[in-house]
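Inspection log for the structure reproduced underneath, given as C-alpha cells.
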Amino acid sequence: MSDPKIEGYEFKPGFKGMAQDTGSDQTMFKGVHWGKAMMWIFLLSHTFIFSCFLISYMKGRGSTLIDWPNTSEVFSLHVGSTPVPLLLIAIMTFVLITSSGTMALAVKYGYEKNRKMCGWLILATAIGGLTFVGMQAFEWSKLIHEGVRPWENPFGAKQFGSFFFMITGFHGTHVSIGVIFLFIYAYKTFKGHYDEGKRGWFTTMKGNYVEIEILGLYWHFVDLVWVFIFAFFYLW
Amino acid sequence: MGIMSEKEQSTTHKIGIYLWIWGLLFVLSFFSYMVDWYQLQGLLRWSLILIFMFLKAGLIMAFFMHLFWERYALVNVLLWPMTAIGCFIFLMVAEFQYTVFTRLFYFVVGGQ
C-alpha cells in the first residue's frame, strides 16, 4: 500500500499529522498509492456530478405546482394480484449492498494474497452488478411501456421522467462500466497477474493487489450513490 | 518490496468487521424500506430517511472504502469539498422557493 519512494515518513495521527503531511513539501498523501489517491479524486469529481443531478432534481420537484408522482405506487410490482410498493427497488438495493460486501471481502483477501478467494469474490461482485443492471433494464422497460417519457408521464408532474431517466441512467452506466472492469479484474486475479507483478495494458505499473482496492473504491462509490438515489428519488 | 508486503499485512483487517458492517447495511436498508412500507409521512418520514441514508453512507465510506483507516490528509481533502455541495443545496432551496412564489403570484395577479 505504501509508496516505496517515500522513505522515513512518520505516521502521526489526527490534525497534527494532517498539517504535517500537507505542509511537508513532498508527496502529500504519504503511504497512499498514487492510483488510489487518483481514484479518490476521480470519485470526488463524480460526487459533484451526481450532486448536481440530485440538486437539479430537488429544484425541479420543489418548484413544480403539479403533484409529483407517488413513487411507491409508480415503482410497485404485482405479486399475484396485490401490488407491493417499491419491491423491485428494494431487491436492487439489497443486491447492490451484497455485491459491495463481497467486494470489500475481495479487497481483504487480495491483500492477504489469497488469489482464489479474491477472484471468486470479484466474480460474485460482477454477477451482483450484472443482476442489478438487468433489473434496472426491466424497470426502465416497464415504465416506458406505461408511457413514462422524459417529457411526459401519466402519473403527475412532467419533470418526473427526465429526472428519472437521467439520474438512474447515469448511475446504471457507472454500474455497467464497473461490471466490465470487475470481469477483467477477476480474470487478471485468477491468472495471477497481481501475484507475479505483471504489467497491465494501459499502464506500466506492476500488478499489485492494491489495484483490487482501487477497483473496490469505485464499486463502493457506485453503491454509495445508490444510497442517495434510493433515499431522495425513491423514498422521498 | 519487503517493506511493502509488511505494510500490506498490517493494513488488512479481521473479517468480522466487514461482516458486521455488511449486516448493519442490510438492517439499515431494511429499515429505510420499512419507512415506505408503513407509509410514514411528514417530518418523521424525512428525518428517518435522512438518518438511515447518512448512516449507510458513513458506514460504506468509513469501513468499506477504508477512510476510517486512512490518513487525515486524504480524509479531509475528500470531505471538505462536501461543504460546497451543502452551500449549493442551500442556494437552490432558496431558488425553488422563489420560483414557486413567482408562479403562484402571477397565477393570482395575472401576467402582463
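Every chain in the C-alpha cells has a letter given in the order shown (A, B, ...), and although residue numbers restart at 1 in each chain, ligands are simply numbered from 1 in the order shown.
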
- Item | Within 10 Å of Lys16 of chain A using only C-alpha atoms, minus same-chain residues under 5 positions, as a PyMOL selection string | (chain A and resi 21-22) or (chain B and resi 72-73)

Writing out the chosen residues with N, CA and C atoms as a PDB file, in the first residue's frame:
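Wrote selection25.pdb, looks like this:
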ATOM      1  N   ASP A  21       1.607  16.466   6.941  1.00  0.00           N
ATOM      2  CA  ASP A  21       1.575  15.873   5.599  1.00  0.00           C
ATOM      3  C   ASP A  21       1.359  16.944   4.544  1.00  0.00           C
ATOM      4  N   THR A  22       0.396  17.842   4.811  1.00  0.00           N
ATOM      5  CA  THR A  22       0.035  18.842   3.816  1.00  0.00           C
ATOM      6  C   THR A  22       1.163  19.832   3.599  1.00  0.00           C
TER       7      THR A  22
ATOM      8  N   TYR B  72      -5.448  11.524   7.795  1.00  0.00           N
ATOM      9  CA  TYR B  72      -6.310  12.703   7.799  1.00  0.00           C
ATOM     10  C   TYR B  72      -6.098  13.593   6.578  1.00  0.00           C
ATOM     11  N   ALA B  73      -4.856  13.614   6.065  1.00  0.00           N
ATOM     12  CA  ALA B  73      -4.594  14.466   4.902  1.00  0.00           C
ATOM     13  C   ALA B  73      -5.520  14.079   3.750  1.00  0.00           C
TER      14      ALA B  73
END

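Residues of segment 7-169 of chain A carrying a DSSP assignment of strand (DSSP E or B), computed from the backbone, are A:Leu77, A:His78, A:Val79, A:Thr82, A:Pro83, A:Val84.
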
Write a file of the just-selected residues containing C-alpha atoms, as a PDB file, in the first residue's frame.
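Writing done, so here's part04.pdb:
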ATOM      1  CA  LEU A  77     -44.654  -4.628  -8.509  1.00  0.00           C
ATOM      2  CA  HIS A  78     -47.567  -7.025  -8.519  1.00  0.00           C
ATOM      3  CA  VAL A  79     -47.036 -10.250  -6.604  1.00  0.00           C
ATOM      4  CA  THR A  82     -51.503  -7.431  -4.709  1.00  0.00           C
ATOM      5  CA  PRO A  83     -49.181  -4.533  -5.508  1.00  0.00           C
ATOM      6  CA  VAL A  84     -46.074  -4.441  -3.316  1.00  0.00           C
TER       7      VAL A  84
END

- helix (DSSP H, G or I) residues, from DSSP on the backbone, in chain B, as JSON, numbers by chain: {"B": [2, 3, 4, 5, 6, 7, 8, 9, 10, 11, 15, 16, 17, 18, 19, 20, 21, 22, 23, 24, 25, 26, 27, 28, 29, 30, 31, 32, 33, 34, 35, 36, 37, 42, 43, 44, 45, 46, 47, 48, 49, 50, 51, 52, 53, 54, 55, 56, 57, 58, 59, 60, 61, 62, 63, 64, 67, 68, 69, 72, 73, 74, 75, 76, 77, 78, 79, 82, 83, 84, 85, 86, 87, 88, 89, 90, 91, 92, 93, 94, 95, 96, 97, 98, 99, 100, 101, 102, 103, 104, 105, 106, 107, 108, 109]}

Residues of chain B that have any atom at most 6 Å from an atom of chain A: could you tabulate them with the shortest-distance atom pair and the distance in Å to one decimal, using only C-alpha atoms, ordered by chain and increasing number, as a Markdown table?
| residue | atom | partner | partner_atom | distance |
| --- | --- | --- | --- | --- |
| B:Glu8 | CA | A:Met1 | CA | 5.8 |
| B:Thr12 | CA | A:Lys108 | CA | 5.9 |
| B:Trp22 | CA | A:Gly101 | CA | 5.8 |
| B:Ala57 | CA | A:Leu224 | CA | 5.9 |
| B:Phe64 | CA | A:Ala104 | CA | 5.6 |
| B:Met65 | CA | A:Leu217 | CA | 5.7 |
| B:Tyr72 | CA | A:Met18 | CA | 5.2 |
| B:Ala73 | CA | A:Met18 | CA | 4.5 |
| B:Phe96 | CA | A:Ser63 | CA | 4.9 |
| B:Thr99 | CA | A:Ser63 | CA | 5.7 |
| B:Val100 | CA | A:Ser63 | CA | 5.0 |

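The interatomic distance for the pair atom CA of Ser81 of chain A and atom CA of Phe163 of chain A works out to 29.5 Å.
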